>>> print(open('start-v5.txt').read())   # compact mmCIF, C-alpha atoms
# COMPACT_ATOMS: atom_id res chain seq x y z
CA MET A 1 45.78 26.21 149.57
CA ASP A 2 46.60 22.93 151.26
CA ALA A 3 45.58 22.25 154.87
CA ILE A 4 49.05 22.64 156.39
CA ALA A 5 49.58 25.99 154.67
CA ALA A 6 46.16 27.22 155.84
CA LEU A 7 46.88 26.17 159.42
CA LYS A 8 50.21 27.95 159.39
CA LYS A 9 48.77 31.08 157.73
CA ARG A 10 45.77 31.48 160.05
CA ARG A 11 45.81 34.37 162.51
CA SER A 12 43.24 36.34 164.47
CA VAL A 13 42.04 39.37 162.53
CA ARG A 14 40.15 42.16 164.28
CA LYS A 15 40.27 44.88 161.60
CA TYR A 16 38.45 44.38 158.33
CA ALA A 17 38.27 46.14 154.98
CA PRO A 18 34.80 47.53 154.17
CA ARG A 19 34.14 44.82 151.60
CA ALA A 20 31.29 42.31 151.73
CA VAL A 21 32.07 38.61 151.94
CA PRO A 22 30.21 36.75 149.18
CA ARG A 23 27.43 34.48 150.42
CA GLU A 24 29.08 31.50 148.71
CA LEU A 25 32.24 31.94 150.82
CA VAL A 26 30.25 32.21 154.05
CA GLU A 27 28.40 29.01 153.10
CA GLU A 28 31.67 27.26 152.23
CA ILE A 29 33.14 28.20 155.61
CA VAL A 30 30.06 27.01 157.51
CA ASP A 31 30.08 23.82 155.45
CA CYS A 32 33.62 23.18 156.68
CA GLY A 33 32.38 23.75 160.23
CA ARG A 34 29.58 21.22 159.90
CA LEU A 35 32.11 18.62 158.70
CA ALA A 36 34.15 18.86 161.92
CA ALA A 37 34.86 15.92 164.17
CA THR A 38 32.00 15.32 166.60
CA ALA A 39 31.61 12.91 169.53
CA ASN A 40 29.51 9.91 168.52
CA ASN A 41 28.58 11.82 165.35
CA LYS A 42 25.98 13.80 167.34
CA GLN A 43 26.49 16.97 165.27
CA PRO A 44 24.78 19.11 167.94
CA TRP A 45 25.45 22.38 166.16
CA LEU A 46 23.50 25.21 164.61
CA PHE A 47 25.23 28.02 162.72
CA ILE A 48 23.71 31.48 162.31
CA ALA A 49 25.37 33.65 159.65
CA VAL A 50 24.90 37.33 160.50
CA THR A 51 25.60 39.84 157.73
CA ASP A 52 23.06 42.55 158.61
CA GLY A 53 25.01 45.53 159.95
CA GLU A 54 22.52 46.48 162.66
CA THR A 55 22.36 42.92 163.99
CA ARG A 56 26.18 42.63 164.02
CA GLU A 57 26.34 45.89 165.96
CA ARG A 58 23.87 44.55 168.51
CA VAL A 59 25.81 41.29 168.86
CA ALA A 60 29.09 43.19 169.22
CA ALA A 61 27.61 45.47 171.88
CA LEU A 62 26.71 42.45 174.01
CA THR A 63 30.26 41.06 174.04
CA ASP A 64 33.16 42.09 176.22
CA TYR A 65 36.01 41.37 173.77
CA GLY A 66 34.18 41.22 170.44
CA LYS A 67 33.34 44.86 169.71
CA PHE A 68 35.09 44.53 166.32
CA ILE A 69 32.26 42.22 165.17
CA ALA A 70 30.34 45.41 164.38
CA GLU A 71 32.91 46.27 161.67
CA ALA A 72 33.33 42.75 160.28
CA PRO A 73 31.25 42.14 157.14
CA ALA A 74 30.02 38.81 158.54
CA CYS A 75 29.80 36.90 161.79
CA ILE A 76 28.97 33.26 162.35
CA ALA A 77 27.39 32.37 165.68
CA VAL A 78 28.08 28.76 166.63
CA PHE A 79 25.48 27.16 168.86
CA CYS A 80 25.25 23.60 170.16
CA LYS A 81 22.60 21.60 171.99
CA HIS A 82 23.79 21.85 175.59
CA ALA A 83 22.15 18.54 176.53
CA GLU A 84 24.83 16.74 174.52
CA LYS A 85 27.72 15.74 176.77
CA TYR A 86 30.46 16.95 174.41
CA TYR A 87 28.73 20.02 172.97
CA LEU A 88 31.65 22.32 173.85
CA GLU A 89 34.26 20.09 172.23
CA ASP A 90 32.08 19.60 169.14
CA GLY A 91 31.35 23.33 168.79
CA SER A 92 35.02 24.16 169.30
CA ALA A 93 36.06 21.69 166.60
CA ALA A 94 33.54 23.26 164.21
CA THR A 95 34.83 26.73 165.09
CA GLN A 96 38.45 25.76 164.42
CA ASN A 97 37.50 24.22 161.07
CA MET A 98 35.86 27.50 160.08
CA LEU A 99 38.89 29.57 161.12
CA VAL A 100 41.17 27.43 158.96
CA ALA A 101 38.70 27.46 156.06
CA ALA A 102 38.56 31.26 156.22
CA ALA A 103 42.36 31.45 156.01
CA ALA A 104 42.39 29.04 153.06
CA LEU A 105 39.89 31.28 151.25
CA GLY A 106 41.90 34.45 151.87
CA LEU A 107 39.65 35.79 154.61
CA GLY A 108 40.46 36.93 158.11
CA SER A 109 38.59 35.68 161.15
CA CYS A 110 38.62 35.84 164.92
CA TRP A 111 37.16 33.51 167.54
CA VAL A 112 35.17 35.28 170.25
CA ALA A 113 34.20 33.22 173.30
CA GLY A 114 30.58 32.36 173.99
CA ASP A 115 30.02 29.31 176.20
CA LYS A 116 30.97 30.66 179.60
CA LYS A 117 30.05 34.28 178.92
CA ALA A 118 27.18 36.08 180.65
CA TYR A 119 26.06 37.47 177.28
CA ALA A 120 25.51 34.02 175.70
CA PRO A 121 21.75 33.88 176.52
CA GLU A 122 21.30 37.43 175.20
CA VAL A 123 22.97 36.57 171.89
CA ARG A 124 20.80 33.45 171.65
CA ALA A 125 17.65 35.52 172.25
CA LEU A 126 18.71 38.27 169.84
CA LEU A 127 19.18 35.70 167.06
CA GLY A 128 15.95 33.84 167.89
CA VAL A 129 17.69 30.55 168.70
CA PRO A 130 15.73 27.99 170.79
CA GLN A 131 16.77 27.56 174.43
CA GLU A 132 18.01 24.00 173.85
CA PHE A 133 21.09 25.59 172.22
CA THR A 134 23.92 27.45 173.90
CA LEU A 135 26.36 29.84 172.28
CA VAL A 136 29.79 28.24 171.86
CA SER A 137 31.51 30.96 169.84
CA LEU A 138 31.21 33.93 167.56
CA VAL A 139 33.45 34.02 164.49
CA SER A 140 34.00 37.34 162.75
CA LEU A 141 34.76 37.14 159.03
CA GLY A 142 36.07 39.56 156.46
CA TYR A 143 38.93 40.69 154.29
CA PRO A 144 41.81 41.82 156.53
CA ALA A 145 42.37 45.60 156.61
CA ASP A 146 46.12 45.10 156.98
CA SER A 147 48.66 42.48 156.00
CA ARG A 148 50.34 41.92 159.35
CA GLY A 149 51.63 38.41 159.89
CA ARG A 150 50.52 36.14 162.64
CA ALA A 151 51.46 36.76 166.25
CA SER A 152 54.57 34.98 167.47
CA LYS A 153 54.00 31.47 168.70
CA ARG A 154 56.05 29.39 171.09
CA LEU A 155 58.59 27.09 169.46
CA LEU A 156 57.73 23.44 168.96
CA ALA A 157 60.63 22.42 171.22
CA GLU A 158 59.05 24.42 174.05
CA VAL A 159 55.68 22.68 173.89
CA MET A 160 56.41 19.10 172.76
CA ARG A 161 57.94 16.11 174.49
CA TRP A 162 58.32 12.52 173.33
CA GLU A 163 56.96 9.65 175.45
CA ARG A 164 57.07 11.53 178.82
CA TYR A 165 57.65 14.96 180.23
>>> encode(input="start-v5.txt", output="structure tokens")
Amino acid sequence: MDAIAALKKRRSVRKYAPRAVPRELVEEIVDCGRLAATANNKQPWLFIAVTDGETRERVAALTDYGKFIAEAPACIAVFCKHAEKYYLEDGSAATQNMLVAAAALGLGSCWVAGDKKAYAPEVRALLGVPQEFTLVSLVSLGYPADSRGRASKRLLAEVMRWERY
């Protein structure tokens, strides 16, 4: 699938089929994340792939809007070194790359917030990540349980202007 098609196909998926995601696909998705744009090429990220059911359940229980992570076959926790000035932008770029990569590979995904959430330190501790890192996002991964299309989006004419407002 080309990049434009993957971008236009991508949607947030919160219900997954009970089917494991092959390790190679998880690695391919994380590889796309690590290739994201990054300020001054700092690459402050660390990715933790979580496929163990009990651990996913514990992560999901900590979140406020990510309870579905427990049912997803995989979750990628995106951490960045918080001492880097643009850690949030870098981690967000990596997250978006992974969402698009998942769509291109026929998988569903959903971005769950991390950076400003009270549970971020608990997720970091649960996954054994050093304190120099902060949680930027959690990305659930799996084969969608249904074939619903993407949610409606605002029209281009509503959100774009040329030269000035």
>>> closest_atom_pairs(input="start-v5.txt", of="segment 25-131 of chain A", to="segment 144-162 of chain A", cutoff="10 Å", atoms="all atoms listed in the file", output="tab-separated table")
residue	atom	partner	partner_atom	distance
A:Ala72	CA	A:Pro144	CA	9.3
A:Gly106	CA	A:Pro144	CA	8.7
A:Leu107	CA	A:Pro144	CA	6.7
A:Gly108	CA	A:Pro144	CA	5.3
A:Ser109	CA	A:Pro144	CA	8.3
>>> closest_residue(input="start-v5.txt", among="A:Val112, A:Met98, A:Ala120, A:Val139", to="Leu35 of chain A", atoms="all atoms listed in the file")
A:Met98
>>> closest_residue(input="start-v5.txt", among="A:Ala6, A:Cys110, A:Ala93, A:Leu62", to="Ala125 of chain A", atoms="all atoms listed in the file")
A:Leu62
>>> closest_residue(input="start-v5.txt", among="A:Val78, A:Leu141, A:Ala5, A:Ala61", to="Phe47 of chain A", atoms="all atoms listed in the file")
A:Val78
>>> closest_residue(input="start-v5.txt", among="A:Tyr143, A:Ala39, A:Tyr165, A:Ala17", to="Ala103 of chain A", atoms="all atoms listed in the file")
A:Tyr143
>>> atom_distance(input="start-v5.txt", atom1="atom CA of His82 of chain A", atom2="atom CA of Gly33 of chain A")
17.7 Å
>>> residues_near_point(input="start-v5.txt", point="(23.1, 34.5, 157.0)", cutoff="10 Å", atoms="all atoms listed in the file", output="list in words")
Arg23, Val26, Glu27, Phe47, Ile48, Ala49, Val50, Thr51, Asp52, Ala74, Cys75, Ile76 and Ala77 of chain A
>>> atom_distance(input="start-v5.txt", atom1="atom CA of Lys8 of chain A", atom2="atom CA of Thr38 of chain A")
23.3 Å
>>> closest_residue(input="start-v5.txt", among="A:Ser140, A:Phe79, A:Gly53, A:Ala20", to="Leu99 of chain A", atoms="all atoms listed in the file")
A:Ser140
>>> atom_distance(input="start-v5.txt", atom1="atom CA of Pro22 of chain A", atom2="atom CA of Phe68 of chain A")
19.4 Å
>>> closest_residue(input="start-v5.txt", among="A:Glu28, A:Leu135, A:Asp2, A:Gly128", to="Ala102 of chain A", atoms="only C-alpha atoms")
A:Glu28
>>> decode(input="start-v5.txt", residues="segment 2-121 of chain A", atoms="C-alpha atoms", output="PDB file, in the first residue's frame")
ATOM      1  CA  ASP A   2       1.374   3.427  -0.824  1.00  0.00           C
ATOM      2  CA  ALA A   3       1.756   6.110   1.853  1.00  0.00           C
ATOM      3  CA  ILE A   4      -1.207   8.245   0.763  1.00  0.00           C
ATOM      4  CA  ALA A   5      -3.541   5.241   0.749  1.00  0.00           C
ATOM      5  CA  ALA A   6      -2.328   4.172   4.205  1.00  0.00           C
ATOM      6  CA  LEU A   7      -2.861   7.673   5.598  1.00  0.00           C
ATOM      7  CA  LYS A   8      -6.366   7.809   4.197  1.00  0.00           C
ATOM      8  CA  LYS A   9      -7.215   4.276   5.381  1.00  0.00           C
ATOM      9  CA  ARG A  10      -5.962   4.679   8.955  1.00  0.00           C
ATOM     10  CA  ARG A  11      -8.553   4.842  11.726  1.00  0.00           C
ATOM     11  CA  SER A  12      -8.608   4.240  15.465  1.00  0.00           C
ATOM     12  CA  VAL A  13      -9.492   0.635  16.272  1.00  0.00           C
ATOM     13  CA  ARG A  14     -10.545  -0.356  19.782  1.00  0.00           C
ATOM     14  CA  LYS A  15     -11.944  -3.854  19.136  1.00  0.00           C
ATOM     15  CA  TYR A  16      -9.648  -6.622  17.993  1.00  0.00           C
ATOM     16  CA  ALA A  17     -10.021 -10.160  16.706  1.00  0.00           C
ATOM     17  CA  PRO A  18      -8.459 -12.794  19.000  1.00  0.00           C
ATOM     18  CA  ARG A  19      -5.557 -13.362  16.624  1.00  0.00           C
ATOM     19  CA  ALA A  20      -1.889 -12.839  17.469  1.00  0.00           C
ATOM     20  CA  VAL A  21       0.120 -10.277  15.549  1.00  0.00           C
ATOM     21  CA  PRO A  22       3.292 -11.900  14.177  1.00  0.00           C
ATOM     22  CA  ARG A  23       6.499 -10.677  15.796  1.00  0.00           C
ATOM     23  CA  GLU A  24       7.841  -9.629  12.378  1.00  0.00           C
ATOM     24  CA  LEU A  25       4.921  -7.209  11.898  1.00  0.00           C
ATOM     25  CA  VAL A  26       5.390  -5.695  15.356  1.00  0.00           C
ATOM     26  CA  GLU A  27       9.088  -5.211  14.580  1.00  0.00           C
ATOM     27  CA  GLU A  28       8.283  -3.675  11.185  1.00  0.00           C
ATOM     28  CA  ILE A  29       5.887  -1.207  12.814  1.00  0.00           C
ATOM     29  CA  VAL A  30       8.398  -0.221  15.503  1.00  0.00           C
ATOM     30  CA  ASP A  31      11.071   0.105  12.816  1.00  0.00           C
ATOM     31  CA  CYS A  32       8.841   2.640  11.069  1.00  0.00           C
ATOM     32  CA  GLY A  33       8.511   4.480  14.374  1.00  0.00           C
ATOM     33  CA  ARG A  34      12.258   4.696  14.893  1.00  0.00           C
ATOM     34  CA  LEU A  35      12.624   6.213  11.402  1.00  0.00           C
ATOM     35  CA  ALA A  36      10.370   9.171  12.256  1.00  0.00           C
ATOM     36  CA  ALA A  37      11.457  12.777  12.008  1.00  0.00           C
ATOM     37  CA  THR A  38      13.294  13.888  15.142  1.00  0.00           C
ATOM     38  CA  ALA A  39      14.605  17.290  16.251  1.00  0.00           C
ATOM     39  CA  ASN A  40      18.349  17.518  15.679  1.00  0.00           C
ATOM     40  CA  ASN A  41      18.341  13.755  15.050  1.00  0.00           C
ATOM     41  CA  LYS A  42      18.287  13.158  18.825  1.00  0.00           C
ATOM     42  CA  GLN A  43      16.166   9.993  18.515  1.00  0.00           C
ATOM     43  CA  PRO A  44      15.255  10.108  22.231  1.00  0.00           C
ATOM     44  CA  TRP A  45      12.898   7.158  22.044  1.00  0.00           C
ATOM     45  CA  LEU A  46      12.577   3.704  23.489  1.00  0.00           C
ATOM     46  CA  PHE A  47       9.847   1.301  22.361  1.00  0.00           C
ATOM     47  CA  ILE A  48       8.543  -1.525  24.532  1.00  0.00           C
ATOM     48  CA  ALA A  49       6.475  -4.146  22.684  1.00  0.00           C
ATOM     49  CA  VAL A  50       4.035  -5.800  25.080  1.00  0.00           C
ATOM     50  CA  THR A  51       2.407  -9.032  23.926  1.00  0.00           C
ATOM     51  CA  ASP A  52       2.039 -10.853  27.255  1.00  0.00           C
ATOM     52  CA  GLY A  53      -1.662 -10.886  28.132  1.00  0.00           C
ATOM     53  CA  GLU A  54      -1.223 -10.319  31.862  1.00  0.00           C
ATOM     54  CA  THR A  55       1.086  -7.355  31.313  1.00  0.00           C
ATOM     55  CA  ARG A  56      -1.311  -5.804  28.760  1.00  0.00           C
ATOM     56  CA  GLU A  57      -4.133  -6.192  31.280  1.00  0.00           C
ATOM     57  CA  ARG A  58      -2.065  -4.427  33.939  1.00  0.00           C
ATOM     58  CA  VAL A  59      -1.175  -1.599  31.537  1.00  0.00           C
ATOM     59  CA  ALA A  60      -4.823  -1.257  30.469  1.00  0.00           C
ATOM     60  CA  ALA A  61      -5.992  -1.139  34.086  1.00  0.00           C
ATOM     61  CA  LEU A  62      -3.723   1.846  34.751  1.00  0.00           C
ATOM     62  CA  THR A  63      -5.169   3.935  31.906  1.00  0.00           C
ATOM     63  CA  ASP A  64      -8.338   5.980  31.887  1.00  0.00           C
ATOM     64  CA  TYR A  65      -9.233   5.608  28.186  1.00  0.00           C
ATOM     65  CA  GLY A  66      -7.161   2.585  27.157  1.00  0.00           C
ATOM     66  CA  LYS A  67      -8.982  -0.340  28.769  1.00  0.00           C
ATOM     67  CA  PHE A  68      -9.205  -2.023  25.327  1.00  0.00           C
ATOM     68  CA  ILE A  69      -5.413  -2.547  25.430  1.00  0.00           C
ATOM     69  CA  ALA A  70      -6.169  -5.652  27.502  1.00  0.00           C
ATOM     70  CA  GLU A  71      -7.920  -7.226  24.482  1.00  0.00           C
ATOM     71  CA  ALA A  72      -5.443  -6.070  21.832  1.00  0.00           C
ATOM     72  CA  PRO A  73      -2.918  -8.770  20.896  1.00  0.00           C
ATOM     73  CA  ALA A  74      -0.056  -6.264  21.178  1.00  0.00           C
ATOM     74  CA  CYS A  75       0.724  -2.852  22.591  1.00  0.00           C
ATOM     75  CA  ILE A  76       3.717  -0.644  21.940  1.00  0.00           C
ATOM     76  CA  ALA A  77       4.686   1.748  24.715  1.00  0.00           C
ATOM     77  CA  VAL A  78       6.538   4.777  23.347  1.00  0.00           C
ATOM     78  CA  PHE A  79       8.943   6.413  25.774  1.00  0.00           C
ATOM     79  CA  CYS A  80      11.305   9.336  25.247  1.00  0.00           C
ATOM     80  CA  LYS A  81      14.108  10.887  27.274  1.00  0.00           C
ATOM     81  CA  HIS A  82      12.342  13.814  28.921  1.00  0.00           C
ATOM     82  CA  ALA A  83      15.571  15.825  29.183  1.00  0.00           C
ATOM     83  CA  GLU A  84      15.447  16.339  25.416  1.00  0.00           C
ATOM     84  CA  LYS A  85      13.691  19.601  24.575  1.00  0.00           C
ATOM     85  CA  TYR A  86      11.491  18.147  21.827  1.00  0.00           C
ATOM     86  CA  TYR A  87      10.832  14.704  23.310  1.00  0.00           C
ATOM     87  CA  LEU A  88       7.052  15.073  22.977  1.00  0.00           C
ATOM     88  CA  GLU A  89       7.190  16.094  19.316  1.00  0.00           C
ATOM     89  CA  ASP A  90       9.683  13.321  18.534  1.00  0.00           C
ATOM     90  CA  GLY A  91       7.648  10.660  20.350  1.00  0.00           C
ATOM     91  CA  SER A  92       4.457  11.866  18.678  1.00  0.00           C
ATOM     92  CA  ALA A  93       6.066  11.669  15.233  1.00  0.00           C
ATOM     93  CA  ALA A  94       7.205   8.111  15.976  1.00  0.00           C
ATOM     94  CA  THR A  95       3.702   7.221  17.182  1.00  0.00           C
ATOM     95  CA  GLN A  96       2.073   8.577  14.029  1.00  0.00           C
ATOM     96  CA  ASN A  97       4.527   6.659  11.837  1.00  0.00           C
ATOM     97  CA  MET A  98       3.556   3.456  13.638  1.00  0.00           C
ATOM     98  CA  LEU A  99      -0.179   4.117  13.239  1.00  0.00           C
ATOM     99  CA  VAL A 100       0.235   4.569   9.486  1.00  0.00           C
ATOM    100  CA  ALA A 101       2.529   1.530   9.226  1.00  0.00           C
ATOM    101  CA  ALA A 102      -0.075  -0.585  11.020  1.00  0.00           C
ATOM    102  CA  ALA A 103      -2.750   0.510   8.537  1.00  0.00           C
ATOM    103  CA  ALA A 104      -0.438  -0.263   5.609  1.00  0.00           C
ATOM    104  CA  LEU A 105       0.088  -3.779   6.999  1.00  0.00           C
ATOM    105  CA  GLY A 106      -3.632  -4.433   7.444  1.00  0.00           C
ATOM    106  CA  LEU A 107      -3.637  -3.982  11.209  1.00  0.00           C
ATOM    107  CA  GLY A 108      -5.748  -1.778  13.422  1.00  0.00           C
ATOM    108  CA  SER A 109      -4.261   0.514  16.037  1.00  0.00           C
ATOM    109  CA  CYS A 110      -5.218   3.207  18.497  1.00  0.00           C
ATOM    110  CA  TRP A 111      -3.163   5.954  20.125  1.00  0.00           C
ATOM    111  CA  VAL A 112      -3.632   6.221  23.888  1.00  0.00           C
ATOM    112  CA  ALA A 113      -2.193   9.303  25.597  1.00  0.00           C
ATOM    113  CA  GLY A 114       0.713   9.018  27.990  1.00  0.00           C
ATOM    114  CA  ASP A 115       2.754  12.195  28.474  1.00  0.00           C
ATOM    115  CA  LYS A 116       0.415  14.260  30.619  1.00  0.00           C
ATOM    116  CA  LYS A 117      -1.340  11.352  32.305  1.00  0.00           C
ATOM    117  CA  ALA A 118      -1.026  10.562  36.015  1.00  0.00           C
ATOM    118  CA  TYR A 119      -0.509   6.884  35.156  1.00  0.00           C
ATOM    119  CA  ALA A 120       2.630   7.508  33.044  1.00  0.00           C
ATOM    120  CA  PRO A 121       5.104   6.857  35.911  1.00  0.00           C
TER     121      PRO A 121
END
